[in-house]
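Participant: This one is protein-v1.pdb, PDB, C-alpha atoms.
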ATOM      1  CA  MET A  27    -161.128 111.181 -13.819
ATOM      2  CA  TYR A  28    -161.869 112.104 -10.196
ATOM      3  CA  TYR A  29    -163.291 108.620  -9.634
ATOM      4  CA  LEU A  30    -159.760 107.283 -10.038
ATOM      5  CA  LEU A  31    -158.882 108.837  -6.671
ATOM      6  CA  PRO A  32    -161.033 106.501  -4.513
ATOM      7  CA  LEU A  33    -160.185 103.622  -6.846
ATOM      8  CA  PHE A  34    -156.428 104.081  -6.377
ATOM      9  CA  THR A  35    -156.990 104.499  -2.635
ATOM     10  CA  VAL A  36    -158.833 101.191  -2.451
ATOM     11  CA  LEU A  37    -156.113  99.487  -4.502
ATOM     12  CA  ILE A  38    -153.468 100.734  -2.050
ATOM     13  CA  TRP A  39    -155.410  99.835   1.068
ATOM     14  CA  GLY A  40    -156.391  96.487  -0.451
ATOM     15  CA  GLY A  41    -152.705  95.773  -0.900
ATOM     16  CA  ASN A  42    -152.108  96.535   2.760
ATOM     17  CA  SER A  43    -153.443  93.098   3.785
ATOM     18  CA  ILE A  44    -150.795  91.596   1.507
ATOM     19  CA  ILE A  45    -148.131  93.746   3.196
ATOM     20  CA  ASN A  46    -149.354  92.597   6.620
ATOM     21  CA  LYS A  47    -148.937  88.962   5.590
ATOM     22  CA  MET A  48    -145.570  89.473   3.887
ATOM     23  CA  ALA A  49    -144.266  91.412   6.885
ATOM     24  CA  ALA A  50    -144.932  88.409   9.131
ATOM     25  CA  SER A  51    -141.924  86.604   7.651
ATOM     26  CA  ALA A  52    -139.696  89.652   7.196
ATOM     27  CA  ILE A  53    -139.888  91.714  10.392
ATOM     28  CA  GLU A  54    -141.356  91.550  13.873
ATOM     29  CA  PRO A  55    -144.844  93.101  14.145
ATOM     30  CA  SER A  56    -143.665  95.467  16.896
ATOM     31  CA  ALA A  57    -140.887  96.841  14.690
ATOM     32  CA  MET A  58    -143.098  97.031  11.583
ATOM     33  CA  SER A  59    -145.725  99.064  13.428
ATOM     34  CA  PHE A  60    -143.119 101.497  14.713
ATOM     35  CA  TYR A  61    -141.182 101.994  11.477
ATOM     36  CA  ARG A  62    -144.346 102.492   9.429
ATOM     37  CA  TRP A  63    -145.317 105.620  11.345
ATOM     38  CA  ALA A  64    -141.819 106.778  12.259
ATOM     39  CA  PHE A  65    -140.839 106.999   8.585
ATOM     40  CA  ALA A  66    -144.185 108.543   7.579
ATOM     41  CA  MET A  67    -143.794 111.255  10.227
ATOM     42  CA  LEU A  68    -140.216 111.877   9.135
ATOM     43  CA  LEU A  69    -141.485 112.610   5.629
ATOM     44  CA  LEU A  70    -144.425 114.744   6.781
ATOM     45  CA  THR A  71    -142.591 116.831   9.399
ATOM     46  CA  PRO A  72    -141.090 119.441   7.007
ATOM     47  CA  PHE A  73    -144.555 120.071   5.529
ATOM     48  CA  CYS A  74    -146.792 119.760   8.582
ATOM     49  CA  LEU A  75    -144.749 120.904  11.574
ATOM     50  CA  PRO A  76    -144.665 124.644  10.631
ATOM     51  CA  SER A  77    -148.460 124.648  10.299
ATOM     52  CA  VAL A  78    -148.881 122.800  13.608
ATOM     53  CA  ILE A  79    -146.629 125.302  15.384
ATOM     54  CA  ARG A  80    -148.555 128.256  13.945
ATOM     55  CA  THR A  81    -151.913 126.864  15.063
ATOM     56  CA  ARG A  82    -150.773 125.178  18.279
ATOM     57  CA  HIS A  83    -153.223 127.265  20.333
ATOM     58  CA  ILE A  84    -156.079 125.788  18.276
ATOM     59  CA  ILE A  85    -154.756 122.222  18.410
ATOM     60  CA  ARG A  86    -153.867 122.172  22.139
ATOM     61  CA  PRO A  87    -157.434 121.662  23.503
ATOM     62  CA  TYR A  88    -157.842 118.584  21.302
ATOM     63  CA  LEU A  89    -154.604 116.783  22.212
ATOM     64  CA  ALA A  90    -156.305 114.181  24.438
ATOM     65  CA  LYS A  91    -158.809 113.314  21.698
ATOM     66  CA  LEU A  92    -156.066 113.132  19.081
ATOM     67  CA  ALA A  93    -154.067 110.810  21.354
ATOM     68  CA  LEU A  94    -157.054 108.483  21.806
ATOM     69  CA  LEU A  95    -157.691 108.443  18.054
ATOM     70  CA  ALA A  96    -154.029 107.594  17.465
ATOM     71  CA  LEU A  97    -154.242 104.759  19.996
ATOM     72  CA  LEU A  98    -157.308 103.256  18.320
ATOM     73  CA  GLY A  99    -156.601 103.836  14.621
ATOM     74  CA  MET A 100    -152.826 103.757  14.330
ATOM     75  CA  VAL A 101    -151.558 101.746  17.290
ATOM     76  CA  ILE A 102    -154.066  99.037  18.261
ATOM     77  CA  ASN A 103    -155.731  98.542  14.874
ATOM     78  CA  GLN A 104    -152.604  98.423  12.751
ATOM     79  CA  SER A 105    -150.422  96.569  15.260
ATOM     80  CA  LEU A 106    -153.049  93.843  15.556
ATOM     81  CA  GLY A 107    -153.048  93.603  11.761
ATOM     82  CA  TYR A 108    -149.325  92.817  11.724
ATOM     83  CA  TYR A 109    -149.637  90.291  14.566
ATOM     84  CA  ALA A 110    -152.640  88.684  12.835
ATOM     85  CA  GLY A 111    -150.497  88.151   9.732
ATOM     86  CA  LEU A 112    -148.501  85.557  11.677
ATOM     87  CA  THR A 113    -151.413  83.120  11.956
ATOM     88  CA  THR A 114    -154.053  83.929   9.337
ATOM     89  CA  THR A 115    -154.278  84.586   5.622
ATOM     90  CA  ALA A 116    -154.421  87.912   3.782
ATOM     91  CA  SER A 117    -157.785  86.843   2.347
ATOM     92  CA  ASN A 118    -159.295  86.328   5.795
ATOM     93  CA  MET A 119    -157.881  89.630   7.031
ATOM     94  CA  SER A 120    -159.314  91.620   4.146
ATOM     95  CA  LEU A 121    -162.783  90.068   4.386
ATOM     96  CA  ILE A 122    -162.982  90.622   8.149
ATOM     97  CA  ILE A 123    -161.775  94.223   7.825
ATOM     98  CA  SER A 124    -164.511  94.795   5.241
ATOM     99  CA  LEU A 125    -166.961  94.616   8.158
ATOM    100  CA  VAL A 126    -165.750  97.999   9.472
ATOM    101  CA  PRO A 127    -168.569 100.042   7.827
ATOM    102  CA  LEU A 128    -171.136  97.627   9.251
ATOM    103  CA  ILE A 129    -169.667  97.743  12.756
ATOM    104  CA  SER A 130    -169.556 101.547  12.482
ATOM    105  CA  VAL A 131    -173.307 101.613  11.849
ATOM    106  CA  PHE A 132    -173.945  99.830  15.151
ATOM    107  CA  LEU A 133    -171.377 101.824  17.138
ATOM    108  CA  SER A 134    -173.048 105.001  15.869
ATOM    109  CA  VAL A 135    -176.042 104.192  18.089
ATOM    110  CA  PRO A 136    -174.326 104.812  21.474
ATOM    111  CA  LEU A 137    -171.646 107.199  20.211
ATOM    112  CA  LEU A 138    -173.614 109.376  17.768
ATOM    113  CA  GLY A 139    -177.173 108.772  18.903
ATOM    114  CA  LYS A 140    -178.227 107.371  15.538
ATOM    115  CA  ARG A 141    -180.942 104.797  14.921
ATOM    116  CA  ILE A 142    -180.459 101.406  13.342
ATOM    117  CA  SER A 143    -182.817 100.626  10.493
ATOM    118  CA  ALA A 144    -184.321  97.218   9.848
ATOM    119  CA  VAL A 145    -182.328  97.137   6.609
ATOM    120  CA  SER A 146    -179.077  97.545   8.572
ATOM    121  CA  ILE A 147    -180.009  94.679  10.884
ATOM    122  CA  VAL A 148    -180.736  92.418   7.917
ATOM    123  CA  GLY A 149    -177.393  93.440   6.387
ATOM    124  CA  ALA A 150    -175.627  92.619   9.651
ATOM    125  CA  VAL A 151    -177.170  89.156   9.799
ATOM    126  CA  ILE A 152    -176.190  88.417   6.196
ATOM    127  CA  SER A 153    -172.618  89.607   6.771
ATOM    128  CA  LEU A 154    -172.163  87.621   9.980
ATOM    129  CA  VAL A 155    -173.542  84.452   8.374
ATOM    130  CA  GLY A 156    -171.146  84.968   5.463
ATOM    131  CA  LEU A 157    -168.217  85.561   7.819
ATOM    132  CA  THR A 158    -169.064  82.424   9.820
ATOM    133  CA  PHE A 159    -169.323  80.426   6.597
ATOM    134  CA  MET A 160    -165.933  81.713   5.419
ATOM    135  CA  LEU A 161    -164.023  81.279   8.700
ATOM    136  CA  GLY A 162    -165.568  77.839   9.173
ATOM    137  CA  HIS A 163    -164.420  76.786   5.690
ATOM    138  CA  GLY A 164    -168.022  76.171   4.696
ATOM    139  CA  ASP A 165    -168.995  74.532   7.989
ATOM    140  CA  MET A 166    -171.551  76.700   9.843
ATOM    141  CA  THR A 167    -171.095  74.636  13.043
ATOM    142  CA  PHE A 168    -167.309  75.099  12.974
ATOM    143  CA  PHE A 169    -167.185  77.321  16.079
ATOM    144  CA  MET A 170    -169.143  74.811  18.142
ATOM    145  CA  HIS A 171    -166.273  72.326  18.138
ATOM    146  CA  GLN A 172    -163.211  74.434  17.306
ATOM    147  CA  PRO A 173    -162.153  77.926  18.437
ATOM    148  CA  ILE A 174    -161.407  80.781  16.056
ATOM    149  CA  THR A 175    -157.728  81.034  15.071
ATOM    150  CA  GLN A 176    -155.643  83.621  16.897
ATOM    151  CA  GLY A 177    -155.040  85.681  13.760
ATOM    152  CA  ASP A 178    -158.715  85.819  12.840
ATOM    153  CA  GLY A 179    -159.585  86.801  16.412
ATOM    154  CA  LEU A 180    -157.005  89.595  16.402
ATOM    155  CA  ILE A 181    -158.259  91.025  13.103
ATOM    156  CA  VAL A 182    -161.854  90.982  14.413
ATOM    157  CA  ILE A 183    -160.679  93.104  17.361
ATOM    158  CA  ALA A 184    -158.792  95.337  14.916
ATOM    159  CA  ALA A 185    -161.968  95.832  12.862
ATOM    160  CA  ILE A 186    -163.990  96.796  15.954
ATOM    161  CA  THR A 187    -161.237  99.171  17.072
ATOM    162  CA  TYR A 188    -161.030 100.870  13.676
ATOM    163  CA  ALA A 189    -164.819 101.179  13.488
ATOM    164  CA  ALA A 190    -164.730 102.965  16.868
ATOM    165  CA  TYR A 191    -161.989 105.226  15.482
ATOM    166  CA  CYS A 192    -164.115 106.135  12.444
ATOM    167  CA  VAL A 193    -167.205 106.897  14.542
ATOM    168  CA  LEU A 194    -165.273 109.014  17.058
ATOM    169  CA  LEU A 195    -163.689 110.890  14.162
ATOM    170  CA  LYS A 196    -167.200 111.877  13.078
ATOM    171  CA  ARG A 197    -168.262 112.771  16.602
ATOM    172  CA  TRP A 198    -165.264 114.921  17.442
ATOM    173  CA  LYS A 199    -165.317 117.712  14.891
ATOM    174  CA  MET A 200    -162.009 119.562  15.222
ATOM    175  CA  PRO A 201    -161.132 122.918  13.630
ATOM    176  CA  ILE A 202    -157.847 121.645  12.206
ATOM    177  CA  THR A 203    -156.836 120.514   8.713
ATOM    178  CA  ASN A 204    -156.792 116.879   7.646
ATOM    179  CA  TRP A 205    -153.019 116.884   7.355
ATOM    180  CA  GLN A 206    -152.649 118.351  10.850
ATOM    181  CA  MET A 207    -154.998 115.634  12.098
ATOM    182  CA  ILE A 208    -152.971 112.848  10.459
ATOM    183  CA  TYR A 209    -149.663 114.358  11.563
ATOM    184  CA  MET A 210    -150.630 114.826  15.210
ATOM    185  CA  GLN A 211    -152.080 111.338  15.421
ATOM    186  CA  GLY A 212    -148.936 109.978  13.785
ATOM    187  CA  ILE A 213    -146.700 111.722  16.318
ATOM    188  CA  PHE A 214    -148.734 110.271  19.188
ATOM    189  CA  ALA A 215    -148.620 106.849  17.508
ATOM    190  CA  VAL A 216    -144.818 106.904  17.244
ATOM    191  CA  ALA A 217    -144.555 107.835  20.948
ATOM    192  CA  MET A 218    -146.925 105.004  21.927
ATOM    193  CA  LEU A 219    -145.257 102.449  19.644
ATOM    194  CA  THR A 220    -141.716 103.193  20.844
ATOM    195  CA  PRO A 221    -141.950 101.013  24.012
ATOM    196  CA  LEU A 222    -143.393  98.171  21.906
ATOM    197  CA  TRP A 223    -140.576  98.565  19.366
ATOM    198  CA  LEU A 224    -137.971  98.385  22.155
ATOM    199  CA  THR A 225    -139.224  94.888  23.036
ATOM    200  CA  SER A 226    -138.236  93.642  19.563
ATOM    201  CA  ASP A 227    -135.379  91.156  19.310
ATOM    202  CA  ASN A 228    -134.040  93.082  16.292
ATOM    203  CA  LEU A 229    -134.487  96.834  16.577
ATOM    204  CA  LEU A 230    -133.254  97.595  13.060
ATOM    205  CA  PRO A 231    -135.389  96.768  10.008
ATOM    206  CA  THR A 232    -134.277  93.810   7.934
ATOM    207  CA  LYS A 233    -133.324  94.190   4.277
ATOM    208  CA  ASP A 234    -136.461  92.338   3.148
ATOM    209  CA  SER A 235    -138.717  94.540   5.278
ATOM    210  CA  ILE A 236    -137.592  97.905   3.858
ATOM    211  CA  PRO A 237    -139.830  97.790   0.733
ATOM    212  CA  LEU A 238    -142.761  96.758   2.952
ATOM    213  CA  ILE A 239    -142.120  99.667   5.326
ATOM    214  CA  MET A 240    -141.878 102.058   2.370
ATOM    215  CA  TYR A 241    -145.227 100.859   1.020
ATOM    216  CA  ALA A 242    -146.945 101.095   4.398
ATOM    217  CA  SER A 243    -145.421 104.519   5.163
ATOM    218  CA  ILE A 244    -145.654 106.298   1.818
ATOM    219  CA  ALA A 245    -148.491 104.610  -0.060
ATOM    220  CA  ALA A 246    -150.835 103.475   2.727
ATOM    221  CA  SER A 247    -150.174 106.198   5.322
ATOM    222  CA  ILE A 248    -149.601 109.316   3.182
ATOM    223  CA  ALA A 249    -150.712 108.936  -0.454
ATOM    224  CA  ALA A 250    -153.910 106.955   0.202
ATOM    225  CA  PRO A 251    -155.285 109.262   2.941
ATOM    226  CA  TRP A 252    -154.603 112.315   0.750
ATOM    227  CA  MET A 253    -156.400 110.768  -2.240
ATOM    228  CA  TRP A 254    -159.293 109.666  -0.035
ATOM    229  CA  VAL A 255    -159.817 113.139   1.449
ATOM    230  CA  LYS A 256    -159.533 114.670  -2.023
ATOM    231  CA  ALA A 257    -162.081 112.178  -3.383
ATOM    232  CA  ILE A 258    -164.555 113.068  -0.637
ATOM    233  CA  ASP A 259    -164.109 116.747  -1.502
ATOM    234  CA  VAL A 260    -164.753 116.330  -5.228
ATOM    235  CA  ILE A 261    -167.245 113.451  -5.557
ATOM    236  CA  GLY A 262    -168.759 113.312  -2.070
ATOM    237  CA  ALA A 263    -168.507 111.005   0.950
ATOM    238  CA  GLU A 264    -171.238 108.573  -0.102
ATOM    239  CA  SER A 265    -169.859 107.999  -3.601
ATOM    240  CA  SER A 266    -166.363 107.516  -2.191
ATOM    241  CA  ALA A 267    -167.559 105.130   0.522
ATOM    242  CA  MET A 268    -169.044 102.730  -2.014
ATOM    243  CA  PHE A 269    -165.558 102.144  -3.444
ATOM    244  CA  MET A 270    -164.501 100.710  -0.070
ATOM    245  CA  ASN A 271    -166.623  97.651  -0.783
ATOM    246  CA  LEU A 272    -164.153  96.768  -3.545
ATOM    247  CA  MET A 273    -161.253  96.504  -1.072
ATOM    248  CA  PRO A 274    -161.712  92.842  -0.093
ATOM    249  CA  VAL A 275    -162.094  91.915  -3.764
ATOM    250  CA  VAL A 276    -158.774  93.636  -4.506
ATOM    251  CA  ALA A 277    -157.046  92.075  -1.495
ATOM    252  CA  VAL A 278    -158.263  88.527  -2.159
ATOM    253  CA  SER A 279    -157.231  88.803  -5.816
ATOM    254  CA  LEU A 280    -153.775  90.083  -4.880
ATOM    255  CA  ALA A 281    -153.408  87.353  -2.247
ATOM    256  CA  ALA A 282    -154.074  84.713  -4.890
ATOM    257  CA  VAL A 283    -151.628  86.232  -7.401
ATOM    258  CA  LEU A 284    -148.803  87.433  -5.131
ATOM    259  CA  LEU A 285    -148.973  85.048  -2.185
ATOM    260  CA  GLY A 286    -150.338  81.968  -3.909
ATOM    261  CA  GLU A 287    -153.250  81.732  -1.480
ATOM    262  CA  LYS A 288    -155.833  79.300  -2.786
ATOM    263  CA  ILE A 289    -159.280  80.825  -3.154
ATOM    264  CA  GLU A 290    -161.880  78.233  -2.180
ATOM    265  CA  ILE A 291    -165.610  78.272  -2.880
ATOM    266  CA  TYR A 292    -166.302  79.166   0.757
ATOM    267  CA  HIS A 293    -164.170  82.310   0.319
ATOM    268  CA  LEU A 294    -166.265  83.350  -2.673
ATOM    269  CA  MET A 295    -169.648  82.535  -1.148
ATOM    270  CA  GLY A 296    -168.820  83.938   2.279
ATOM    271  CA  GLY A 297    -167.170  87.015   0.762
ATOM    272  CA  VAL A 298    -170.194  87.790  -1.413
ATOM    273  CA  MET A 299    -172.451  87.538   1.647
ATOM    274  CA  VAL A 300    -170.159  89.759   3.757
ATOM    275  CA  ILE A 301    -169.895  92.472   1.097
ATOM    276  CA  SER A 302    -173.628  92.290   0.254
ATOM    277  CA  GLY A 303    -174.529  92.700   3.917
ATOM    278  CA  VAL A 304    -172.187  95.668   4.326
ATOM    279  CA  ILE A 305    -173.638  97.387   1.244
ATOM    280  CA  LEU A 306    -177.172  96.705   2.482
ATOM    281  CA  ALA A 307    -176.346  98.180   5.886
ATOM    282  CA  GLN A 308    -175.066 101.339   4.200
ATOM    283  CA  VAL A 309    -178.294 101.896   2.267
ATOM    284  CA  LYS A 310    -180.182 104.864   3.635
ATOM    285  CA  THR A 311    -183.924 104.560   3.826
ATOM    286  CA  LYS A 312    -186.144 107.392   2.636
ATOM    287  CA  LYS A 313    -186.934 108.287   6.243
ATOM    288  CA  ALA A 314    -183.241 108.406   7.190
ATOM    289  CA  LYS A 315    -182.490 110.673   4.244
ATOM    290  CA  GLN A 316    -185.304 113.042   5.272
ATOM    291  CA  GLU A 317    -183.997 113.161   8.852
ATOM    292  CA  ALA A 318    -180.457 113.877   7.606
ATOM    293  CA  SER A 319    -181.824 116.662   5.351
ATOM    294  CA  LEU A 320    -183.623 118.253   8.297
ATOM    295  CA  LEU A 321    -180.465 118.122  10.404
ATOM    296  CA  ILE A 322    -178.452 119.845   7.651
ATOM    297  CA  LYS A 323    -181.090 122.583   7.295
ATOM    298  CA  ALA A 324    -181.172 123.093  11.050
TER
END
What do you get writing this file as structure tokens?
Facilitator:
Amino acid sequence: MYYLLPLFTVLIWGGNSIINKMAASAIEPSAMSFYRWAFAMLLLTPFCLPSVIRTRHIIRPYLAKLALLALLGMVINQSLGYYAGLTTTASNMSLIISLVPLISVFLSVPLLGKRISAVSIVGAVISLVGLTFMLGHGDMTFFMHQPITQGDGLIVIAAITYAAYCVLLKRWKMPITNWQMIYMQGIFAVAMLTPLWLTSDNLLPTKDSIPLIMYASIAASIAAPWMWVKAIDVIGAESSAMFMNLMPVVAVSLAAVLLGEKIEIYHLMGGVMVISGVILAQVKTKKAKQEASLLIKA
């Protein structure tokens, strides 16, 4: 039963690529980014603000770090996702975002002082070949005579940014609850997104965008994080993490059914290579497991 928690989380987050694409024709990216977090914070304030006020002396020293995390994970990453939806497909977005665990492995070297195994390098090569195959529509020399589309480029930057967010989250251990962490980052995100929102031609959400905002605010920003944290608590981080590899499969399937996106053979072949490489990069060698065990004992 507990394994349904990470499964539902992946289903929600997989659907987020569909929301990004649908939002492109319903609301400006600047407004979508703002309303997603503004509404989520409105819902969380009655539950989280009293706790934040009580422990403000504990939270205060970490405000700068929380602000940087908000900038990376909630402002840059998610805003780029909405802008990318204007010029690329939900399938491409989901497969590129699936590289986040792989990118995190490599960013862990300078930020966490970890080593990269030969297995991780092989996984990276496989994933990048698969991504090139997919973005080039089966033509491996595609990038030699034609640049990457703007949307694909933006989502690559978003993936790198979110990977940095995940690694810094591990590096900066803070003595505050998960909900306080999400709430404080959300508050910073709303403050940072306000100037961007004010540049929108239409400041108010459109009728068609309201269901999309509700999904992004309630399902993707509140329900999914809670289920993910709960899953890590009950079945462990490693078991939960493996479910993340299902996210592009969910997103591509939903894109085909809900958006009518045609799934070509290069999507399937490239996607299999990307996901296989990511899984391979996450495999811990016997030596790495022994080192981790020693660190825990120490």
Participant: Care to translate the PyMOL selection byres ((chain A and resi 35-39) around 10) into actual residues of this file, as an mmCIF file with C-alpha atoms, in the frame of the given file?
Facilitator:
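The resulting file, selection-v8.cif, is reproduced below:
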data_model
loop_
_atom_site.group_PDB
_atom_site.id
_atom_site.type_symbol
_atom_site.label_atom_id
_atom_site.label_comp_id
_atom_site.auth_asym_id
_atom_site.auth_seq_id
_atom_site.Cartn_x
_atom_site.Cartn_y
_atom_site.Cartn_z
ATOM 1 C CA LEU A 30 -159.760 107.283 -10.038
ATOM 2 C CA LEU A 31 -158.882 108.837 -6.671
ATOM 3 C CA PRO A 32 -161.033 106.501 -4.513
ATOM 4 C CA LEU A 33 -160.185 103.622 -6.846
ATOM 5 C CA PHE A 34 -156.428 104.081 -6.377
ATOM 6 C CA GLY A 40 -156.391 96.487 -0.451
ATOM 7 C CA GLY A 41 -152.705 95.773 -0.900
ATOM 8 C CA ASN A 42 -152.108 96.535 2.760
ATOM 9 C CA SER A 43 -153.443 93.098 3.785
ATOM 10 C CA ILE A 44 -150.795 91.596 1.507
ATOM 11 C CA ILE A 45 -148.131 93.746 3.196
ATOM 12 C CA SER A 120 -159.314 91.620 4.146
ATOM 13 C CA TYR A 241 -145.227 100.859 1.020
ATOM 14 C CA ALA A 242 -146.945 101.095 4.398
ATOM 15 C CA ALA A 245 -148.491 104.610 -0.060
ATOM 16 C CA ALA A 246 -150.835 103.475 2.727
ATOM 17 C CA SER A 247 -150.174 106.198 5.322
ATOM 18 C CA ALA A 249 -150.712 108.936 -0.454
ATOM 19 C CA ALA A 250 -153.910 106.955 0.202
ATOM 20 C CA PRO A 251 -155.285 109.262 2.941
ATOM 21 C CA TRP A 252 -154.603 112.315 0.750
ATOM 22 C CA MET A 253 -156.400 110.768 -2.240
ATOM 23 C CA TRP A 254 -159.293 109.666 -0.035
ATOM 24 C CA VAL A 255 -159.817 113.139 1.449
ATOM 25 C CA ALA A 257 -162.081 112.178 -3.383
ATOM 26 C CA SER A 266 -166.363 107.516 -2.191
ATOM 27 C CA PHE A 269 -165.558 102.144 -3.444
ATOM 28 C CA MET A 270 -164.501 100.710 -0.070
ATOM 29 C CA ASN A 271 -166.623 97.651 -0.783
ATOM 30 C CA LEU A 272 -164.153 96.768 -3.545
ATOM 31 C CA MET A 273 -161.253 96.504 -1.072
ATOM 32 C CA PRO A 274 -161.712 92.842 -0.093
ATOM 33 C CA VAL A 275 -162.094 91.915 -3.764
ATOM 34 C CA VAL A 276 -158.774 93.636 -4.506
ATOM 35 C CA ALA A 277 -157.046 92.075 -1.495
ATOM 36 C CA LEU A 280 -153.775 90.083 -4.880
#
Participant: For Trp223 in chain A, please output as a list in words all residues within 9 Å (counting all atoms listed in the file; exclusion window: fewer than 3 positions along the same chain).
Facilitator: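 The filter keeps Glu54, Pro55, Ser56, Ala57, Met58, Ser59, Phe60, Tyr61, Leu219, Thr220, Ser226 and Leu229 of chain A.
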Participant: Would you compute the distance between CA of Ile129 in chain A and CA of Thr113 in chain A? Give it in Å to one decimal.
Facilitator: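 Those two atoms sit 23.4 Å apart.
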Participant: Assuming 4 Å of padding per side, give the centre and edge lengths of the axis-aligned box around every listed atom of range 228-236 of chain A, in Å to one decimal and as lines of an AutoDock Vina configuration file.
Facilitator:
center_x = -136.0
center_y = 95.1
center_z = 9.9
size_x = 13.5
size_y = 13.6
size_z = 21.4
Participant: Can you list, as a list of chain:residue names, the residues that the PyMOL selection byres ((chain A and resi 196-208) around 7) selects here?
Facilitator: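 Here the PyMOL selection byres ((chain A and resi 196-208) around 7) matches A:Cys74, A:Val78, A:Ile85, A:Leu138, A:Cys192, A:Val193, A:Leu194, A:Leu195, A:Tyr209, A:Met210, A:Gln211, A:Gly212.
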Participant: Could you tell me which residues the PyMOL selection byres ((chain A and resi 215) around 7) grabs in this file, written as a ChimeraX atom specification?
Facilitator: /A:96-97,100-101,211-214,216-219
Participant: Counting only C-alpha atoms, which of A:Ser130, A:Ile53, A:Thr71, A:Asn118 gets nearest to His163 in chain A?
Facilitator: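 Looking only at the distances to His163 in chain A, the closest residue turns out to be A:Asn118.
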Participant: With N, CA and C atoms retained, output range 199-215 of chain A as a compact mmCIF listing (two decimals), in the first residue's frame.
Facilitator:
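Saved to selection.txt:
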# COMPACT_ATOMS: atom_id res chain seq x y z
N LYS A 199 21.86 20.82 5.17
CA LYS A 199 20.95 20.20 6.13
C LYS A 199 20.43 21.29 7.07
N MET A 200 19.13 21.46 7.12
CA MET A 200 18.55 22.52 7.96
C MET A 200 17.63 21.91 9.01
N PRO A 201 17.70 22.40 10.23
CA PRO A 201 16.89 21.85 11.33
C PRO A 201 15.45 22.36 11.32
N ILE A 202 14.81 22.28 10.16
CA ILE A 202 13.42 22.72 10.06
C ILE A 202 12.63 21.61 9.35
N THR A 203 11.32 21.63 9.53
CA THR A 203 10.47 20.57 8.98
C THR A 203 10.36 20.72 7.46
N ASN A 204 9.93 19.66 6.81
CA ASN A 204 9.77 19.70 5.36
C ASN A 204 8.72 20.73 4.93
N TRP A 205 7.64 20.81 5.70
CA TRP A 205 6.61 21.78 5.35
C TRP A 205 7.09 23.21 5.53
N GLN A 206 7.89 23.46 6.58
CA GLN A 206 8.46 24.79 6.76
C GLN A 206 9.40 25.12 5.61
N MET A 207 10.15 24.11 5.16
CA MET A 207 11.07 24.29 4.04
C MET A 207 10.31 24.67 2.77
N ILE A 208 9.25 23.93 2.46
CA ILE A 208 8.45 24.20 1.27
C ILE A 208 7.78 25.58 1.37
N TYR A 209 7.24 25.86 2.55
CA TYR A 209 6.52 27.12 2.74
C TYR A 209 7.45 28.33 2.59
N MET A 210 8.61 28.29 3.24
CA MET A 210 9.53 29.42 3.16
C MET A 210 10.04 29.61 1.74
N GLN A 211 10.35 28.52 1.06
CA GLN A 211 10.78 28.64 -0.32
C GLN A 211 9.66 29.21 -1.19
N GLY A 212 8.43 28.77 -0.92
CA GLY A 212 7.29 29.26 -1.68
C GLY A 212 7.07 30.75 -1.49
N ILE A 213 7.23 31.22 -0.27
CA ILE A 213 7.09 32.66 0.02
C ILE A 213 8.14 33.46 -0.74
N PHE A 214 9.38 32.98 -0.71
CA PHE A 214 10.45 33.65 -1.46
C PHE A 214 10.14 33.62 -2.96
N ALA A 215 9.62 32.49 -3.44
CA ALA A 215 9.31 32.35 -4.86
C ALA A 215 8.24 33.35 -5.30
